[in-house]
Amino acid sequence: AFSGHTRFATSSKATFEGTHPQRWTPPSCRRVYDFSILTNESNLQSCRPRRIFVENYITHNGDFDFYSINGKSYDLEMVQKWLVIVTGEAMPAVVDSCAVAGVVDLLRTQGCFGLSARYAICFGMNSSRMEDDEETAYFPPYSHFEKVGMIFEEAFEEILRSSSFEVISRCQDNRRSFASTVMAKLEAQYDVLVAPLSQYLTDQEEGGSLFHFVVTTVDAFFDNDLLNTTKIFMENAKGSFGLCVTSSLDTKRQLCFAARGQTISIAFYPKTGLICYGSEQAAVKAGIDVCLPGELTEDSTSKGYMDTNNDALRLDLDDLGGEICLLDWGHRRFKSPALSKPNRDIVQHAVMKDRVRVYLLQESKATKQNSVFNHRLTSITNNRFIKPLQEESDDLVLSDIQDIPKICGAIQDDWRSDKEAITLNRLTAWNLSRCLRQRLEAHIAGTVDSHATDILLTGCEVSLWLAEQFASDLQKAFPKLRIQAVSSNKLLGLFGQEIAVPSLGFPYSSHTQKLDDTIVIIVSHSGGTFAPLACSSLFQSTTQNLFVVTSEWDTQVGKQLRNLASDDSDSHLAPVINSRIFSTEVGIRPAEPCSVSVAATHQLLTNIFVYASAYILSDHRFRRVTGAVITEQDLQILERCNQRNIEALTNIVGVDSSGEKLSEYGDESETEKQLREAGNLWANHILESARAYIMTILYILITVISGYPLMYAIAYGAGYDISDKKDFVVYLIRAMDAAIYIWLPQINTIILRLVQRRNLLHRMVGRTVVIGDIPWVAQSAEAFLSKIFAVSYSIAGLNVLSGNPADHLVHRHTHRVVRGTLLICGRPDGRISALATAESAVCLSVNQASSIQSLGGTCESITIGHNPFKLPLSANGIFLPRNRPLFLCERMLTETDVKEGYLSRKNKASASRGETPDNTSLTHKIRKTFGKAYTACTKFVNHRSLGEMLDASRHSISTSIKASVGISIDSSLKGQRLVKLRSSTALLGAYMNFEKKSDEKPPEDEAIDELASVEDVVERAIKERKWSDKARNLFSTLDRDGNGLVSKDEFVGGYRRWKPHLPSELLVEIFEECDEDGTGELDFDEYLKVLRRPEMENDIILPTTNYDSRGMVRVKATREKYFGEAARKINAGKGKKTFDFMLARSQHFSQELYENRIASLQRFVSMTVMFHQMGSRVEKFFECISFGLLGYRMDRTHSIMRIATTASPVSGADVRQRMHTLQLLKKVRHSIHVISVTWSNYQKRKETRRVQALELEVSSKRLLLKTHDIVDEGDNETKMPVC
């Protein structure tokens, strides 16, 4: 067996001594009885001890925190000091895993009386304890225990004369008889053998007597085999463990594994006889493609069933409840049992064509495992759900980037509603919709706590940043829901520890986070990151609504949630119906810089967003209770942009969705070319120190060896006599050569910059790259670039920072801007009205950073965005193609440009004929309307008129001409297709003018940036009051019966009379959405919300919603030539200016979604292409100059950690116990709630009965009084005189 482990240090430095496998005691000679009896061997041969070398090895993934003896816990430091005392060996390494090996040395005692006696003193007595003071603490050396063991051997030989080895082992009475024989012999040599142990042998009542010592030694001699050793350790150790335990005593037949808090997977390859184990599921796939000599290769086509004799199978141990697994391959060779007496009731399972037996022991019964062993095995061959390991590549990072269009396209195809096949992602989405329905129904019923979280997203690092963006978009779409994205480390610290880790600086605590029945979405690309994996186990005690977004179906988190799904139902279809895994199908990517995993996860979250939004919008009750802001039109626009996004990504990376490079069929991407050129430029910045250093070395070598420094050689070549030492010029030449040597690095740097045509004023120091964009892009790009340069040489090192240019980038980083700082910023597309202000803020940040100068130099800034307008202070601008239709606001701006161009040409033609133009007043109005924006937009025209440009464009549309005149192509317009380029400020001014122009009463002041006056505020307040009075009158008019409420019939009938163009179906839908309490009637506050809807306030009619046969909203990509075309046609004939502006403003949310879900992804991928080119140039430079000796791999980092299975600031040791605690608390809270509700209902019923009894009593008295009055009247009538 070959055992190894690449260690990620958590408790000490990462050193060679800390690498695995670990061993505490070096090979030591011991007297051992061999318990493994061959099938052709007599039992007598095993009854003779032999002196053999014994050593134990372990591999451990996790953290060893405490070990308990007699109920008292000792921390790791105490354990390490104590092990030095009891073993007599110096600590080999300070790592915690080495201490695990030391404890195993003390526990693995089967067959050796000396080791068993030491075990009894260390662990078996009530007086056993740990002491760390070597001077005061006395512990006998092992030689003394070996002498004690010799007494046991003598007694053992005597008892074997009348019994057999196996009989003594399995019969407790025989063991006690054996112990009595030993007692007599030890008492005879009490002073020599027993006295040194007297401090551990107390009186009998405390269980520390000599007899108890002997019994414990005998039991350890027979029972402490490899499985029992691991079992005892796991029972008393506290921490997280993924263990493999081996011993030289068992190498001929056994190997033991254990998992608790850390995963362990074991793969069996029957064809090759190979068994692989690892803490990551993907690692054990390494044997899939291994071909050994003589192996029979078979067709790997899926057979549709699991062949346990030939398929490679994987067993995943229960790391949540804790599980121990023993592999025994000696059942055919040895006739002795594989397990000692305490564990012989464990069921054995055959694998590897019955060449290996598996024994499984669960620590806790709290977690359920399938009782059928074969059902726990996962076939890793002939299984379409298991993705093979990625093929080797010379550039893993480039392979990941080039896979982005293909992966994102496959994800979109997987979600197509027109596909007949039902995919796992769509099944999971269906299950998510069930959970959403339950949650929203609870909201409607009013049973959800006001502080409860409805949807919780969690993850670590890049996954968390993507989850935060998704949560932000979903929260904006449905503001009444409570949606949060919280780090898994914070959640694990709050809920997974006996003593909670406070979230300092964050508003998270056990009181603010109510997670009962919350929908939890875990985002983890690897599915094995420690904290998210621990959270997937932890939250099973508080909610069943758990989902994961991961790279493939077969991950550790997926395994946990599949087990949860199988617990929900006894049906074999439960894992399918209750599917909880969203998969990007990216698979495990060995490159540490994350690119395709980020893009794919973002793409998948976009599809989940569309599905969840469509589901909520399909029910008017859910719309109301969530306060839905998003509309069906927003989803259709997003879907169209989503589909066109694949083409945009193809242009960025230069590879299409089928994996073919564009350059191979002569269609090279201009965008990719620009990005790689920018990467080459910045790579030259980074490499200039290394190149200057090499040039300096060459100059020194040449001049010193030849004896001709530069100035000296020039003078000598010019024929000057430099041998005259009295000549002043000779000393001047030498001084000049000395100056050259002093300033040689700087001189070489300047030479390089001149040759490469780079900025001469940059500082000659290490470079810093500052990345600015929206949070998830900036943080993910920073992580990508920093990992690219993680192992580069210091002379070509890089410092990477990031920030949000619309927020804190200026405050955090501009004080660090120096000459040569490299700044790259992503710009939102300010050509659409909702993002004009955002782009303006980003451009202002870039200009502020670029305006900071020193000696006339500043930072070198690059912007990446869709608006093709270069900032004057930026060094470069990379413009991405639009790859989408125009939004309505862009269309309106384009139409205005074309109209203005037409008027300009007409005016020039009239002026050339000496005529006065007829449209002077119209031109004046246009100039007046646009104000400063008009000037800003037309200043690029210079001496050429727009009409001349348009005429010229009919003959030539070359890039140089378009750039010089400031125009771009708009393919959505017929005829005049050229539109002006505008800066963010000009765009903002234009849209502000549109808003002013849409008012009924245009302002008299032309300045667009003038502040509102007091009179304006007063006038607005008066308008608001009049509007409220008008609303009250309308409400009273609709309320035909005067009960203060408007019914559905009153509402629809009234509006059909007032606004006959509004269809009844639309009115009914509006009524039901605004009826928040679901009473079927509107009060005045609900009616005000009706009036604020765009359909009512502005008579805007939006396209009707398409529903499928199930009543679900069908989200199909809009086919409009520009977004808003259909709505514009429906509302044709109304006030064009006002309605166009209102329609454009109704698209603001879809424009935000386009930025957050589509455009930002394109900018991130663009940055990865550029940064990869930088890293690749630097990597290849060192490989070339050193002929491969100084080469390194940019897809690796020093942490050697692609998947953080161990790295976490929070321990997971208490997760299992906290699960039980949280589950119990949930049951207690539920019980209290049930009791409270029952008591409240009982009190209400009691009060109702009391009131009814009082009413009955009152009514009885009234009836009695009434009867009495009738009787009295009758009596009076009888006494009246008769006339």
# chains A, B, ... in the order shown; residues from 1 in each chain; ligands from 1
$ select_by_dssp --residues "segment 575-732 of chain A" --states "alpha helix (DSSP H)" --output "JSON, numbers by chain"
{"A": [575, 576, 577, 596, 597, 598, 599, 600, 601, 602, 603, 604, 605, 606, 607, 608, 609, 610, 611, 612, 613, 614, 615, 616, 617, 620, 621, 622, 623, 624, 625, 626, 632, 633, 634, 635, 636, 637, 638, 639, 640, 641, 642, 643, 644, 645, 646, 647, 648, 649, 650, 651, 652, 653, 670, 671, 672, 673, 674, 675, 676, 677, 678, 679, 680, 681, 682, 683, 684, 685, 686, 687, 688, 689, 690, 691, 692, 693, 694, 695, 696, 697, 698, 699, 700, 701, 702, 703, 704, 705, 706, 710, 711, 712, 713, 714, 715, 716, 717, 728, 729, 730, 731, 732]}
$ residues_around --residues "Ser163 of chain A" --least-positions-apart "2" --cutoff "12 Å" --atoms "only C-alpha atoms" --output "PyMOL selection string"
chain A and resi 43-44+47+156-161+165-171+174-175+177-178
$ closest_residue --among "A:Leu193, A:Ile232, A:Val351, A:Met1142" --to "Ile266 of chain A" --atoms "only C-alpha atoms"
A:Val351
$ closest_residue --among "A:Leu106, A:Ala179, A:Ile519, A:Cys859" --to "Leu823 of chain A" --atoms "only C-alpha atoms"
A:Cys859
$ residues_around --residues "Thr837 of chain A" --least-positions-apart "2" --cutoff "9 Å" --atoms "only C-alpha atoms" --output "list in words"
Gly830, Ser833, Ala834, Leu835, Glu839, Ser840, Ala841, Val842, Ser984, Thr985, Leu987 and Leu988 of chain A
$ residues_around --residues "segment 845-849 of chain A" --least-positions-apart "4" --cutoff "8 Å" --atoms "only C-alpha atoms" --output "NGL selection string"
:A and (805-806 or 809-810 or 814 or 817 or 825 or 841 or 859 or 861 or 871 or 873-874)
$ residues_around --residues "segment 339-342 of chain A" --least-positions-apart "2" --cutoff "6 Å" --atoms "only C-alpha atoms" --output "PyMOL selection string"
chain A and resi 223+337+344
$ write_last_selection --atoms "N, CA and C atoms" --output "compact mmCIF listing (two decimals), in the first residue's frame"
# COMPACT_ATOMS: atom_id res chain seq x y z
N ASP A 223 -7.98 -7.80 22.00
CA ASP A 223 -9.01 -7.02 21.29
C ASP A 223 -8.49 -5.85 20.46
N PRO A 337 -10.08 -15.11 12.26
CA PRO A 337 -11.07 -14.07 11.95
C PRO A 337 -10.39 -12.71 11.73
N ARG A 344 -17.02 -8.60 16.17
CA ARG A 344 -17.27 -9.69 15.24
C ARG A 344 -18.72 -9.77 14.75
$ residues_around --residues "Tyr693 of chain A" --least-positions-apart "3" --cutoff "10 Å" --atoms "only C-alpha atoms" --output "ChimeraX atom specification"
/A:687-690,696-699,744-746,748-749,795
$ write_last_selection --atoms "N, CA and C atoms" --output "PDB file, in the first residue's frame"
ATOM      1  N   LEU A 687       7.773  42.639 -16.909  1.00  0.00           N
ATOM      2  CA  LEU A 687       9.036  41.968 -17.207  1.00  0.00           C
ATOM      3  C   LEU A 687      10.207  42.924 -17.368  1.00  0.00           C
ATOM      4  N   GLU A 688       9.967  44.225 -17.302  1.00  0.00           N
ATOM      5  CA  GLU A 688      11.063  45.149 -17.596  1.00  0.00           C
ATOM      6  C   GLU A 688      12.183  45.042 -16.564  1.00  0.00           C
ATOM      7  N   SER A 689      11.861  44.771 -15.316  1.00  0.00           N
ATOM      8  CA  SER A 689      12.916  44.621 -14.305  1.00  0.00           C
ATOM      9  C   SER A 689      13.770  43.403 -14.593  1.00  0.00           C
ATOM     10  N   ALA A 690      13.136  42.285 -14.951  1.00  0.00           N
ATOM     11  CA  ALA A 690      13.892  41.069 -15.260  1.00  0.00           C
ATOM     12  C   ALA A 690      14.749  41.264 -16.506  1.00  0.00           C
ATOM     13  N   THR A 696      21.841  44.076 -17.682  1.00  0.00           N
ATOM     14  CA  THR A 696      22.903  44.551 -16.781  1.00  0.00           C
ATOM     15  C   THR A 696      23.968  43.476 -16.606  1.00  0.00           C
ATOM     16  N   ILE A 697      23.530  42.237 -16.397  1.00  0.00           N
ATOM     17  CA  ILE A 697      24.480  41.136 -16.229  1.00  0.00           C
ATOM     18  C   ILE A 697      25.341  40.977 -17.474  1.00  0.00           C
ATOM     19  N   LEU A 698      24.706  40.998 -18.637  1.00  0.00           N
ATOM     20  CA  LEU A 698      25.455  40.834 -19.888  1.00  0.00           C
ATOM     21  C   LEU A 698      26.455  41.976 -20.085  1.00  0.00           C
ATOM     22  N   TYR A 699      26.040  43.187 -19.781  1.00  0.00           N
ATOM     23  CA  TYR A 699      26.942  44.324 -19.945  1.00  0.00           C
ATOM     24  C   TYR A 699      28.156  44.195 -19.027  1.00  0.00           C
ATOM     25  N   LEU A 744      23.254  51.646 -14.333  1.00  0.00           N
ATOM     26  CA  LEU A 744      23.016  50.725 -15.429  1.00  0.00           C
ATOM     27  C   LEU A 744      21.599  50.128 -15.437  1.00  0.00           C
ATOM     28  N   PRO A 745      21.021  49.680 -14.298  1.00  0.00           N
ATOM     29  CA  PRO A 745      19.646  49.153 -14.349  1.00  0.00           C
ATOM     30  C   PRO A 745      18.637  50.177 -14.868  1.00  0.00           C
ATOM     31  N   GLN A 746      18.782  51.426 -14.408  1.00  0.00           N
ATOM     32  CA  GLN A 746      17.845  52.457 -14.859  1.00  0.00           C
ATOM     33  C   GLN A 746      18.052  52.769 -16.345  1.00  0.00           C
ATOM     34  N   ASN A 748      19.141  50.688 -18.641  1.00  0.00           N
ATOM     35  CA  ASN A 748      18.577  49.577 -19.418  1.00  0.00           C
ATOM     36  C   ASN A 748      17.049  49.630 -19.442  1.00  0.00           C
ATOM     37  N   THR A 749      16.453  50.050 -18.323  1.00  0.00           N
ATOM     38  CA  THR A 749      14.995  50.176 -18.281  1.00  0.00           C
ATOM     39  C   THR A 749      14.514  51.222 -19.273  1.00  0.00           C
ATOM     40  N   ILE A 795      11.088  39.136  -8.955  1.00  0.00           N
ATOM     41  CA  ILE A 795      11.505  40.199  -9.865  1.00  0.00           C
ATOM     42  C   ILE A 795      10.408  40.510 -10.886  1.00  0.00           C
TER      43      ILE A 795
END
$ residues_around --residues "Glu1155 of chain A" --least-positions-apart "3" --cutoff "10 Å" --atoms "only C-alpha atoms" --output "VMD selection string"
chain A and resid 638 774 827 to 829 834 to 835 1149 to 1152 1158 to 1162
$ write_last_selection --atoms "N, CA, C and O atoms" --output "CSV table (one decimal), in the first residue's frame"
chain,number,residue,atom,x,y,z
A,638,LEU,N,-34.4,39.8,-20.7
A,638,LEU,CA,-33.2,39.1,-20.1
A,638,LEU,C,-32.9,37.8,-20.8
A,638,LEU,O,-31.7,37.5,-21.1
A,774,ILE,N,-18.1,46.2,-10.7
A,774,ILE,CA,-19.0,45.9,-9.6
A,774,ILE,C,-18.4,44.8,-8.8
A,774,ILE,O,-17.5,44.1,-9.2
A,827,ARG,N,-16.7,49.4,-17.3
A,827,ARG,CA,-17.7,50.5,-17.4
A,827,ARG,C,-19.0,49.9,-17.8
A,827,ARG,O,-19.2,49.2,-18.8
A,828,PRO,N,-20.1,50.2,-17.0
A,828,PRO,CA,-21.4,49.8,-17.4
A,828,PRO,C,-21.8,50.5,-18.7
A,828,PRO,O,-21.2,51.5,-19.1
A,829,ASP,N,-22.7,50.0,-19.4
A,829,ASP,CA,-23.1,50.5,-20.7
A,829,ASP,C,-24.0,51.7,-20.5
A,829,ASP,O,-25.2,51.6,-20.4
A,834,ALA,N,-30.8,53.6,-17.7
A,834,ALA,CA,-30.7,53.2,-16.3
A,834,ALA,C,-29.3,53.1,-15.8
A,834,ALA,O,-29.0,53.2,-14.6
A,835,LEU,N,-28.3,53.0,-16.8
A,835,LEU,CA,-26.9,52.9,-16.4
A,835,LEU,C,-26.1,54.1,-16.8
A,835,LEU,O,-24.9,54.1,-16.6
A,1149,PHE,N,-35.5,48.3,-14.9
A,1149,PHE,CA,-35.1,47.1,-14.1
A,1149,PHE,C,-34.5,46.1,-15.0
A,1149,PHE,O,-33.6,45.4,-14.6
A,1150,SER,N,-35.1,45.9,-16.2
A,1150,SER,CA,-34.5,45.0,-17.1
A,1150,SER,C,-33.1,45.4,-17.6
A,1150,SER,O,-32.2,44.6,-17.8
A,1151,GLN,N,-32.9,46.7,-17.6
A,1151,GLN,CA,-31.5,47.2,-17.9
A,1151,GLN,C,-30.5,46.9,-16.8
A,1151,GLN,O,-29.4,46.6,-17.0
A,1152,GLU,N,-31.0,47.0,-15.6
A,1152,GLU,CA,-30.1,46.6,-14.4
A,1152,GLU,C,-29.8,45.1,-14.5
A,1152,GLU,O,-28.7,44.7,-14.2
A,1158,ILE,N,-25.5,39.9,-17.5
A,1158,ILE,CA,-25.0,39.6,-18.8
A,1158,ILE,C,-23.7,40.5,-19.1
A,1158,ILE,O,-22.6,39.9,-19.3
A,1159,ALA,N,-23.8,41.8,-19.0
A,1159,ALA,CA,-22.7,42.7,-19.4
A,1159,ALA,C,-21.6,42.5,-18.4
A,1159,ALA,O,-20.4,42.5,-18.8
A,1160,SER,N,-21.8,42.3,-17.1
A,1160,SER,CA,-20.8,42.1,-16.2
A,1160,SER,C,-20.0,40.8,-16.4
A,1160,SER,O,-18.8,40.8,-16.2
A,1161,LEU,N,-20.7,39.8,-16.8
A,1161,LEU,CA,-20.0,38.5,-17.2
A,1161,LEU,C,-19.1,38.7,-18.3
A,1161,LEU,O,-18.0,38.2,-18.3
A,1162,GLN,N,-19.5,39.4,-19.3
A,1162,GLN,CA,-18.7,39.7,-20.5
A,1162,GLN,C,-17.4,40.4,-20.1
A,1162,GLN,O,-16.3,40.2,-20.6
$ select_by_dssp --residues "segment 431-524 of chain A" --states "strand (DSSP E)" --output "list of chain:residue names"
A:Ile455, A:Leu456, A:Leu457, A:Thr458, A:Gly459, A:Ile483, A:Gln484, A:Ala485, A:Val486, A:Ser487, A:Ile519, A:Val520, A:Ile521, A:Ile522, A:Val523
$ closest_residue --among "A:Val86, A:Leu1143, A:Ile522, A:Ala155" --to "Glu468 of chain A" --atoms "only C-alpha atoms"
A:Ile522
$ atom_distance --atom1 "atom CA of Leu617 of chain A" --atom2 "atom CA of Ser1146 of chain A"
17.0 Å
$ closest_atom_pairs --of "segment 599-696 of chain A" --to "segment 1071-1074 of chain A" --cutoff "10 Å" --atoms "only C-alpha atoms" --output "Markdown table"
| residue | atom | partner | partner_atom | distance |
| --- | --- | --- | --- | --- |
| A:Asp619 | CA | A:Glu1073 | CA | 9.0 |
| A:His620 | CA | A:Glu1073 | CA | 5.3 |
| A:Arg621 | CA | A:Glu1073 | CA | 6.6 |
| A:Phe622 | CA | A:Glu1073 | CA | 8.6 |
| A:Arg623 | CA | A:Glu1073 | CA | 6.5 |
| A:Arg624 | CA | A:Glu1073 | CA | 5.3 |
| A:Val625 | CA | A:Glu1073 | CA | 9.0 |
| A:Gly627 | CA | A:Glu1073 | CA | 9.2 |
| A:Ala628 | CA | A:Glu1073 | CA | 9.5 |
$ closest_residue --among "A:Glu647, A:Asp307, A:Glu1065, A:Glu660" --to "Asn883 of chain A" --atoms "only C-alpha atoms"
A:Glu647
